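Note: the block below is final-v7.txt and it holds compact mmCIF, N, CA and C atoms.
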```txt
# COMPACT_ATOMS: atom_id res chain seq x y z
N MET L 9 36.12 -7.96 6.77
CA MET L 9 35.36 -6.77 6.41
C MET L 9 34.51 -6.37 7.61
N SER L 10 34.56 -5.11 7.94
CA SER L 10 33.78 -4.63 9.07
C SER L 10 33.41 -3.16 8.85
N PRO L 11 32.15 -2.80 9.04
CA PRO L 11 31.02 -3.66 9.36
C PRO L 11 30.53 -4.37 8.10
N SER L 12 29.67 -5.36 8.30
CA SER L 12 29.13 -6.11 7.18
C SER L 12 27.69 -5.70 6.87
N LYS L 13 27.27 -4.58 7.45
CA LYS L 13 25.92 -4.08 7.20
C LYS L 13 25.90 -2.58 7.38
N GLY L 14 24.89 -1.94 6.76
CA GLY L 14 24.74 -0.50 6.88
C GLY L 14 23.40 -0.07 6.33
N PRO L 15 23.01 1.18 6.62
CA PRO L 15 21.70 1.67 6.17
C PRO L 15 21.64 1.85 4.65
N MET L 16 20.44 1.78 4.13
CA MET L 16 20.21 1.95 2.69
C MET L 16 20.66 3.33 2.21
N SER L 17 20.72 4.29 3.12
CA SER L 17 21.16 5.65 2.75
C SER L 17 22.65 5.71 2.45
N GLY L 18 23.37 4.62 2.73
CA GLY L 18 24.81 4.58 2.46
C GLY L 18 25.59 5.31 3.54
N GLY L 19 26.87 5.52 3.27
CA GLY L 19 27.71 6.29 4.17
C GLY L 19 28.43 5.48 5.24
N SER L 20 28.31 4.16 5.22
CA SER L 20 29.03 3.34 6.21
C SER L 20 30.47 3.18 5.76
N ARG L 21 31.41 3.46 6.66
CA ARG L 21 32.83 3.27 6.36
C ARG L 21 33.14 1.80 6.57
N VAL L 22 33.48 1.10 5.49
CA VAL L 22 33.77 -0.33 5.53
C VAL L 22 35.28 -0.51 5.44
N VAL L 23 35.83 -1.30 6.36
CA VAL L 23 37.28 -1.54 6.40
C VAL L 23 37.54 -3.01 6.09
N ILE L 24 38.49 -3.24 5.19
CA ILE L 24 38.88 -4.59 4.79
C ILE L 24 40.33 -4.78 5.20
N LYS L 25 40.58 -5.82 5.97
CA LYS L 25 41.95 -6.11 6.40
C LYS L 25 42.41 -7.41 5.77
N GLY L 26 43.67 -7.45 5.41
CA GLY L 26 44.25 -8.64 4.82
C GLY L 26 45.69 -8.36 4.44
N GLN L 27 46.33 -9.33 3.89
CA GLN L 27 47.72 -9.17 3.52
C GLN L 27 47.84 -8.84 2.04
N GLY L 28 48.75 -7.91 1.74
CA GLY L 28 49.06 -7.59 0.35
C GLY L 28 48.02 -6.77 -0.38
N LEU L 29 47.06 -6.20 0.34
CA LEU L 29 46.01 -5.44 -0.33
C LEU L 29 46.57 -4.19 -1.01
N GLU L 30 47.61 -3.62 -0.42
CA GLU L 30 48.20 -2.40 -0.98
C GLU L 30 49.18 -2.71 -2.11
N ALA L 31 49.49 -3.98 -2.32
CA ALA L 31 50.55 -4.36 -3.26
C ALA L 31 50.14 -4.32 -4.73
N THR L 32 48.87 -4.12 -5.03
CA THR L 32 48.46 -4.17 -6.43
C THR L 32 49.02 -3.00 -7.22
N GLY L 33 49.25 -1.86 -6.55
CA GLY L 33 49.76 -0.69 -7.25
C GLY L 33 48.72 -0.02 -8.13
N ARG L 34 47.51 -0.50 -8.07
CA ARG L 34 46.42 0.07 -8.87
C ARG L 34 45.37 0.64 -7.94
N ASP L 35 44.49 1.45 -8.52
CA ASP L 35 43.37 1.97 -7.73
C ASP L 35 42.44 0.82 -7.37
N LEU L 36 41.94 0.84 -6.15
CA LEU L 36 41.04 -0.21 -5.68
C LEU L 36 39.61 0.32 -5.61
N VAL L 37 38.66 -0.56 -5.84
CA VAL L 37 37.25 -0.22 -5.71
C VAL L 37 36.53 -1.31 -4.93
N CYS L 38 35.51 -0.89 -4.19
CA CYS L 38 34.64 -1.82 -3.49
C CYS L 38 33.35 -1.93 -4.30
N SER L 39 32.90 -3.14 -4.49
CA SER L 39 31.63 -3.37 -5.18
C SER L 39 30.61 -3.90 -4.19
N PHE L 40 29.51 -3.20 -4.09
CA PHE L 40 28.38 -3.59 -3.25
C PHE L 40 27.29 -4.00 -4.22
N GLY L 41 27.27 -5.28 -4.60
CA GLY L 41 26.38 -5.71 -5.67
C GLY L 41 26.83 -5.01 -6.95
N GLU L 42 25.93 -4.26 -7.58
CA GLU L 42 26.25 -3.52 -8.81
C GLU L 42 26.78 -2.11 -8.52
N LEU L 43 26.74 -1.68 -7.28
CA LEU L 43 27.17 -0.34 -6.91
C LEU L 43 28.66 -0.34 -6.57
N VAL L 44 29.36 0.71 -6.98
CA VAL L 44 30.82 0.76 -6.81
C VAL L 44 31.21 2.00 -6.02
N SER L 45 32.24 1.84 -5.19
CA SER L 45 32.75 2.94 -4.38
C SER L 45 34.28 2.89 -4.41
N ALA L 46 34.92 4.04 -4.51
CA ALA L 46 36.38 4.10 -4.49
C ALA L 46 36.89 3.62 -3.14
N ALA L 47 38.06 2.99 -3.14
CA ALA L 47 38.67 2.50 -1.91
C ALA L 47 40.04 3.15 -1.74
N ALA L 48 40.48 3.25 -0.51
CA ALA L 48 41.79 3.83 -0.22
C ALA L 48 42.53 2.94 0.77
N VAL L 49 43.84 2.82 0.56
CA VAL L 49 44.67 2.03 1.46
C VAL L 49 45.22 2.94 2.54
N GLY L 50 45.04 2.56 3.80
CA GLY L 50 45.55 3.35 4.92
C GLY L 50 46.99 3.00 5.22
N ASN L 51 47.61 3.74 6.14
CA ASN L 51 48.99 3.49 6.53
C ASN L 51 49.21 2.11 7.12
N ASP L 52 48.15 1.53 7.70
CA ASP L 52 48.26 0.20 8.31
C ASP L 52 48.03 -0.93 7.31
N GLY L 53 47.82 -0.58 6.04
CA GLY L 53 47.60 -1.59 5.01
C GLY L 53 46.15 -2.00 4.85
N ALA L 54 45.29 -1.55 5.74
CA ALA L 54 43.86 -1.86 5.62
C ALA L 54 43.26 -0.97 4.54
N VAL L 55 42.24 -1.47 3.90
CA VAL L 55 41.55 -0.74 2.83
C VAL L 55 40.20 -0.26 3.36
N ALA L 56 39.84 0.97 3.05
CA ALA L 56 38.55 1.52 3.50
C ALA L 56 37.79 2.07 2.31
N CYS L 57 36.48 1.90 2.35
CA CYS L 57 35.60 2.49 1.34
C CYS L 57 34.29 2.83 2.02
N THR L 58 33.46 3.59 1.34
CA THR L 58 32.17 4.02 1.89
C THR L 58 31.05 3.38 1.11
N SER L 59 30.12 2.78 1.83
CA SER L 59 29.00 2.12 1.13
C SER L 59 28.15 3.17 0.42
N PRO L 60 27.85 2.94 -0.85
CA PRO L 60 26.97 3.87 -1.57
C PRO L 60 25.51 3.64 -1.18
N ALA L 61 24.66 4.61 -1.45
CA ALA L 61 23.23 4.47 -1.18
C ALA L 61 22.65 3.38 -2.07
N SER L 62 21.68 2.65 -1.54
CA SER L 62 21.02 1.59 -2.28
C SER L 62 19.51 1.80 -2.20
N GLY L 63 18.83 1.56 -3.29
CA GLY L 63 17.37 1.68 -3.30
C GLY L 63 16.68 0.43 -2.82
N LEU L 64 17.46 -0.62 -2.52
CA LEU L 64 16.88 -1.89 -2.11
C LEU L 64 17.43 -2.35 -0.79
N GLU L 65 16.55 -2.91 0.04
CA GLU L 65 16.95 -3.52 1.30
C GLU L 65 17.37 -4.95 1.03
N GLY L 66 18.37 -5.45 1.77
CA GLY L 66 18.77 -6.85 1.65
C GLY L 66 20.26 -7.04 1.45
N ARG L 67 20.64 -8.28 1.24
CA ARG L 67 22.04 -8.65 1.09
C ARG L 67 22.51 -8.50 -0.36
N VAL L 68 23.73 -8.00 -0.50
CA VAL L 68 24.37 -7.90 -1.81
C VAL L 68 25.77 -8.50 -1.69
N SER L 69 26.31 -8.97 -2.80
CA SER L 69 27.68 -9.48 -2.76
C SER L 69 28.63 -8.30 -2.62
N PHE L 70 29.71 -8.52 -1.91
CA PHE L 70 30.73 -7.49 -1.71
C PHE L 70 32.06 -8.04 -2.19
N ARG L 71 32.81 -7.20 -2.92
CA ARG L 71 34.16 -7.60 -3.28
C ARG L 71 35.03 -6.38 -3.44
N LEU L 72 36.29 -6.61 -3.28
CA LEU L 72 37.31 -5.59 -3.44
C LEU L 72 38.11 -5.96 -4.67
N SER L 73 38.27 -5.02 -5.59
CA SER L 73 39.02 -5.31 -6.81
C SER L 73 39.81 -4.08 -7.23
N ASP L 74 40.73 -4.30 -8.16
CA ASP L 74 41.48 -3.15 -8.67
C ASP L 74 40.82 -2.65 -9.95
N ASN L 75 41.33 -1.55 -10.47
CA ASN L 75 40.68 -0.94 -11.64
C ASN L 75 40.85 -1.76 -12.90
N ALA L 76 41.62 -2.84 -12.85
CA ALA L 76 41.75 -3.75 -13.99
C ALA L 76 40.78 -4.91 -13.86
N GLY L 77 39.98 -4.89 -12.79
CA GLY L 77 39.00 -5.95 -12.59
C GLY L 77 39.52 -7.16 -11.87
N GLN L 78 40.77 -7.13 -11.43
CA GLN L 78 41.33 -8.26 -10.70
C GLN L 78 40.82 -8.23 -9.26
N VAL L 79 40.25 -9.32 -8.83
CA VAL L 79 39.71 -9.38 -7.48
C VAL L 79 40.86 -9.39 -6.48
N ALA L 80 40.80 -8.46 -5.55
CA ALA L 80 41.86 -8.34 -4.54
C ALA L 80 41.46 -8.98 -3.23
N SER L 81 40.21 -9.33 -3.08
CA SER L 81 39.77 -9.94 -1.82
C SER L 81 39.57 -11.43 -2.03
N GLY L 82 39.44 -12.12 -0.93
CA GLY L 82 39.24 -13.56 -0.96
C GLY L 82 37.85 -13.92 -1.42
N PRO L 83 37.25 -14.91 -0.77
CA PRO L 83 35.92 -15.35 -1.19
C PRO L 83 34.90 -14.22 -1.11
N VAL L 84 33.88 -14.33 -1.92
CA VAL L 84 32.83 -13.31 -1.94
C VAL L 84 32.15 -13.28 -0.58
N THR L 85 32.00 -12.08 -0.07
CA THR L 85 31.29 -11.89 1.18
C THR L 85 30.04 -11.07 0.88
N GLU L 86 29.22 -10.86 1.88
CA GLU L 86 27.98 -10.11 1.67
C GLU L 86 27.93 -8.89 2.56
N PHE L 87 27.22 -7.89 2.07
CA PHE L 87 26.94 -6.67 2.81
C PHE L 87 25.43 -6.56 2.89
N LEU L 88 24.92 -6.28 4.09
CA LEU L 88 23.47 -6.18 4.30
C LEU L 88 23.06 -4.73 4.34
N TYR L 89 22.20 -4.32 3.40
CA TYR L 89 21.58 -2.99 3.44
C TYR L 89 20.28 -3.11 4.23
N TYR L 90 20.11 -2.24 5.21
CA TYR L 90 18.89 -2.27 6.01
C TYR L 90 18.24 -0.88 6.04
N VAL L 91 16.96 -0.88 6.38
CA VAL L 91 16.23 0.38 6.55
C VAL L 91 16.78 1.04 7.80
N ALA L 92 17.20 2.28 7.72
CA ALA L 92 17.73 2.98 8.89
C ALA L 92 16.66 3.05 9.97
N PRO L 93 17.05 2.76 11.21
CA PRO L 93 16.07 2.81 12.29
C PRO L 93 15.45 4.20 12.43
N ARG L 94 14.16 4.21 12.75
CA ARG L 94 13.45 5.47 12.95
C ARG L 94 12.57 5.30 14.18
N ILE L 95 12.71 6.24 15.11
CA ILE L 95 11.91 6.20 16.34
C ILE L 95 10.65 7.04 16.15
N VAL L 96 9.51 6.44 16.50
CA VAL L 96 8.23 7.13 16.42
C VAL L 96 7.81 7.64 17.79
N SER L 97 7.98 6.79 18.83
CA SER L 97 7.61 7.23 20.17
C SER L 97 8.34 6.39 21.22
N VAL L 98 8.39 6.94 22.43
CA VAL L 98 8.98 6.26 23.58
C VAL L 98 7.95 6.32 24.70
N VAL L 99 7.63 5.15 25.30
CA VAL L 99 6.59 5.08 26.33
C VAL L 99 7.15 4.36 27.55
N PRO L 100 7.11 4.94 28.73
CA PRO L 100 6.65 6.30 29.01
C PRO L 100 7.70 7.31 28.57
N SER L 101 7.28 8.53 28.41
CA SER L 101 8.18 9.58 27.93
C SER L 101 8.90 10.30 29.08
N ARG L 102 8.55 9.96 30.32
CA ARG L 102 9.19 10.56 31.51
C ARG L 102 9.43 9.47 32.54
N GLY L 103 10.38 9.75 33.43
CA GLY L 103 10.67 8.79 34.49
C GLY L 103 11.52 9.42 35.57
N PRO L 104 11.83 8.65 36.59
CA PRO L 104 12.61 9.19 37.70
C PRO L 104 14.05 9.50 37.29
N LEU L 105 14.66 10.51 37.92
CA LEU L 105 16.04 10.87 37.63
C LEU L 105 17.00 9.75 37.98
N SER L 106 16.59 8.88 38.88
CA SER L 106 17.44 7.76 39.30
C SER L 106 17.55 6.69 38.21
N GLY L 107 16.69 6.78 37.19
CA GLY L 107 16.74 5.81 36.10
C GLY L 107 16.25 4.45 36.54
N ASP L 108 16.81 3.42 35.93
CA ASP L 108 16.50 2.03 36.24
C ASP L 108 15.04 1.68 36.01
N SER L 109 14.39 2.37 35.06
CA SER L 109 13.03 2.03 34.68
C SER L 109 13.04 1.67 33.19
N ALA L 110 12.12 0.80 32.80
CA ALA L 110 12.08 0.34 31.41
C ALA L 110 11.18 1.24 30.56
N VAL L 111 11.58 1.44 29.34
CA VAL L 111 10.75 2.14 28.36
C VAL L 111 10.62 1.26 27.12
N ARG L 112 9.52 1.42 26.43
CA ARG L 112 9.35 0.77 25.13
C ARG L 112 9.58 1.83 24.07
N VAL L 113 10.34 1.44 23.07
CA VAL L 113 10.66 2.33 21.96
C VAL L 113 9.95 1.78 20.74
N TYR L 114 9.10 2.61 20.11
CA TYR L 114 8.33 2.19 18.94
C TYR L 114 8.89 2.90 17.71
N GLY L 115 8.95 2.20 16.61
CA GLY L 115 9.46 2.79 15.38
C GLY L 115 9.53 1.75 14.28
N GLU L 116 10.63 1.79 13.52
CA GLU L 116 10.81 0.81 12.44
C GLU L 116 12.29 0.62 12.18
N GLY L 117 12.61 -0.52 11.59
CA GLY L 117 13.99 -0.80 11.20
C GLY L 117 14.89 -1.23 12.33
N PHE L 118 14.36 -1.70 13.45
CA PHE L 118 15.19 -2.13 14.56
C PHE L 118 15.77 -3.51 14.25
N LEU L 119 17.07 -3.66 14.48
CA LEU L 119 17.75 -4.94 14.28
C LEU L 119 18.10 -5.54 15.63
N ALA L 120 17.99 -6.85 15.74
CA ALA L 120 18.27 -7.52 17.01
C ALA L 120 19.77 -7.45 17.35
N GLU L 121 20.60 -7.69 16.38
CA GLU L 121 22.04 -7.75 16.62
C GLU L 121 22.62 -6.38 16.98
N GLY L 122 23.24 -6.29 18.14
CA GLY L 122 23.91 -5.07 18.55
C GLY L 122 22.99 -3.93 18.98
N LEU L 123 21.73 -4.22 19.24
CA LEU L 123 20.79 -3.17 19.63
C LEU L 123 21.22 -2.52 20.94
N ARG L 124 21.28 -1.19 20.93
CA ARG L 124 21.57 -0.40 22.13
C ARG L 124 20.76 0.88 22.04
N CYS L 125 20.46 1.46 23.19
CA CYS L 125 19.70 2.70 23.23
C CYS L 125 20.58 3.82 23.73
N ARG L 126 20.31 5.03 23.26
CA ARG L 126 21.06 6.21 23.71
C ARG L 126 20.08 7.18 24.36
N PHE L 127 20.45 7.60 25.57
CA PHE L 127 19.68 8.60 26.30
C PHE L 127 20.62 9.78 26.51
N GLY L 128 20.42 10.85 25.75
CA GLY L 128 21.37 11.96 25.77
C GLY L 128 22.70 11.47 25.24
N SER L 129 23.75 11.60 26.03
CA SER L 129 25.06 11.12 25.59
C SER L 129 25.39 9.75 26.17
N THR L 130 24.45 9.16 26.90
CA THR L 130 24.70 7.86 27.53
C THR L 130 24.16 6.72 26.66
N LEU L 131 25.04 5.81 26.32
CA LEU L 131 24.68 4.63 25.54
C LEU L 131 24.46 3.48 26.50
N THR L 132 23.32 2.80 26.40
CA THR L 132 23.02 1.71 27.32
C THR L 132 23.91 0.51 27.03
N ASP L 133 24.08 -0.30 28.03
CA ASP L 133 24.78 -1.56 27.89
C ASP L 133 23.88 -2.50 27.07
N VAL L 134 24.48 -3.43 26.36
CA VAL L 134 23.69 -4.38 25.55
C VAL L 134 22.70 -5.13 26.42
N ARG L 135 23.07 -5.43 27.66
CA ARG L 135 22.16 -6.17 28.56
C ARG L 135 20.93 -5.35 28.94
N ASP L 136 21.00 -4.02 28.79
CA ASP L 136 19.87 -3.16 29.14
C ASP L 136 19.02 -2.78 27.93
N SER L 137 19.26 -3.43 26.81
CA SER L 137 18.50 -3.17 25.58
C SER L 137 17.99 -4.50 25.06
N ARG L 138 16.71 -4.56 24.75
CA ARG L 138 16.14 -5.81 24.27
C ARG L 138 15.31 -5.57 23.01
N TRP L 139 15.60 -6.33 21.97
CA TRP L 139 14.85 -6.28 20.72
C TRP L 139 13.60 -7.12 20.89
N LEU L 140 12.45 -6.55 20.61
CA LEU L 140 11.20 -7.31 20.66
C LEU L 140 10.68 -7.61 19.26
N SER L 141 10.90 -6.67 18.34
CA SER L 141 10.53 -6.87 16.93
C SER L 141 11.21 -5.76 16.13
N SER L 142 11.02 -5.77 14.83
CA SER L 142 11.62 -4.71 14.00
C SER L 142 10.98 -3.35 14.27
N THR L 143 9.88 -3.34 15.05
CA THR L 143 9.20 -2.08 15.35
C THR L 143 9.13 -1.75 16.83
N VAL L 144 9.61 -2.65 17.71
CA VAL L 144 9.54 -2.40 19.16
C VAL L 144 10.83 -2.88 19.83
N ALA L 145 11.37 -2.02 20.69
CA ALA L 145 12.52 -2.37 21.52
C ALA L 145 12.22 -1.93 22.95
N MET L 146 12.89 -2.55 23.90
CA MET L 146 12.73 -2.16 25.30
C MET L 146 14.11 -1.84 25.86
N CYS L 147 14.19 -0.74 26.60
CA CYS L 147 15.47 -0.32 27.16
C CYS L 147 15.31 0.09 28.60
N VAL L 148 16.37 -0.15 29.39
CA VAL L 148 16.40 0.32 30.77
C VAL L 148 17.09 1.67 30.76
N VAL L 149 16.41 2.65 31.31
CA VAL L 149 16.91 4.03 31.32
C VAL L 149 18.00 4.16 32.38
N PRO L 150 19.15 4.74 32.02
CA PRO L 150 20.20 4.98 33.01
C PRO L 150 19.84 6.19 33.89
N ALA L 151 20.55 6.33 34.99
CA ALA L 151 20.36 7.49 35.86
C ALA L 151 20.74 8.75 35.10
N ALA L 152 20.03 9.84 35.40
CA ALA L 152 20.32 11.13 34.75
C ALA L 152 21.67 11.63 35.21
N THR L 153 22.38 12.33 34.31
CA THR L 153 23.66 12.93 34.65
C THR L 153 23.59 14.42 34.42
N GLY L 154 24.40 15.16 35.13
CA GLY L 154 24.45 16.62 34.93
C GLY L 154 23.18 17.32 35.31
N GLY L 155 22.40 16.79 36.24
CA GLY L 155 21.20 17.48 36.69
C GLY L 155 20.02 17.37 35.75
N ARG L 156 20.11 16.50 34.75
CA ARG L 156 19.01 16.33 33.81
C ARG L 156 18.55 14.91 33.77
```
So that I can check it, write out the structure of this file as structure tokens.
Amino acid sequence: MSPSKGPMSGGSRVVIKGQGLEATGRDLVCSFGELVSAAAVGNDGAVACTSPASGLEGRVSFRLSDNAGQVASGPVTEFLYYVAPRIVSVVPSRGPLSGDSAVRVYGEGFLAEGLRCRFGSTLTDVRDSRWLSSTVAMCVVPAATGGR
């Protein structure tokens, strides 16, 4: 199952890969704890569903089953609902066009795993992004492109 986490607002496309998932001949559903979402089998045999919105942060059990209640997935796995990251400020807010300077990003909902920063259309390398806490991250600014 990938990804195994998403924002509480829902909308994460979750893909489940395995053998024989399309063979049930029945409609499939994904269960995120008590919340249910329709699933669809793709041409490659993988199953995809969209995480529904959740009012609670934290881990919930995840399973794939058919409309008869037969579990189509293996052992129970978990899906982590998290508070969507929100940026409050970036310090300093300006820097040289050549980049290569560090900024602190203040906000909420920052996760350590996979943290990366985006400056315009440029996504920083994982090595240039550092999680300090759920409210502070540090990023190395890349060089400006396109005259900006």
How close does stretch 88-110 of chain L get to stretch 46-64 of chain L? List, as a Markdown table, each residue of stretch 88-110 of chain L within 10 Å, its nearest atom pair and the distance in Å to one decimal, counting only C-alpha atoms.
```
| residue | atom | partner | partner_atom | distance |
| --- | --- | --- | --- | --- |
| L:Tyr89 | CA | L:Ser62 | CA | 7.3 |
| L:Tyr90 | CA | L:Leu64 | CA | 8.4 |
| L:Val91 | CA | L:Leu64 | CA | 9.0 |
```
**OP:** Name the residues of stretch 16-155 of chain L that fall into strand (DSSP E or B) according to DSSP on the backbone, using the chain letters and numbers of this document, as number ranges by chain.
**Re:** L: 21-24, 36-40, 43-49, 55-58, 66-74, 79, 85-90, 94-99, 110-116, 126-127, 130-131, 137-141, 144-148
**OP:** Tell me which protein, DNA and RNA residues are within 6.5 Å of stretch 127-138 of chain L, counting only N, CA and C atoms, leaving out same-chain ones fewer than 6 positions away, and put them as a ChimeraX atom specification.
**Re:** /L:144-148
Original post:
What is the distance between atom CA of L:Val22 and atom CA of L:Gly115, in Å to one decimal?
Top reply: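 Interatomic distance, atom CA of L:Val22 to atom CA of L:Gly115: 26.4 Å.
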Subject >> Selected residue of minimal separation from L:Gly14 among L:Thr153, L:Ala92, L:Asp108, L:Tyr114, counting only N, CA and C atoms >> reply: L:Ala92
**OP:** Enumerate the residues of chain L with a DSSP assignment of helix (DSSP H, G or I), computed from the backbone, and present them as a ChimeraX atom specification.
**Re:** /L:29-32,134-136
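As for atom CA of L:Val149 and atom CA of L:Lys13, they are spaced 27.0 Å apart.
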Original post:
By how many Å are atom CA of L:Lys25 and atom CA of L:Pro93 apart?
Top reply: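 Computing it gives 28.0 Å between the two atoms.
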Original post:
When distances are computed from only C-alpha atoms, which of L:Ser12, L:Gly66, L:Ile24, L:Val99 shows the smallest separation from L:Glu121?
Top reply: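 Counting only C-alpha atoms, the residue closest to L:Glu121 is L:Ser12.
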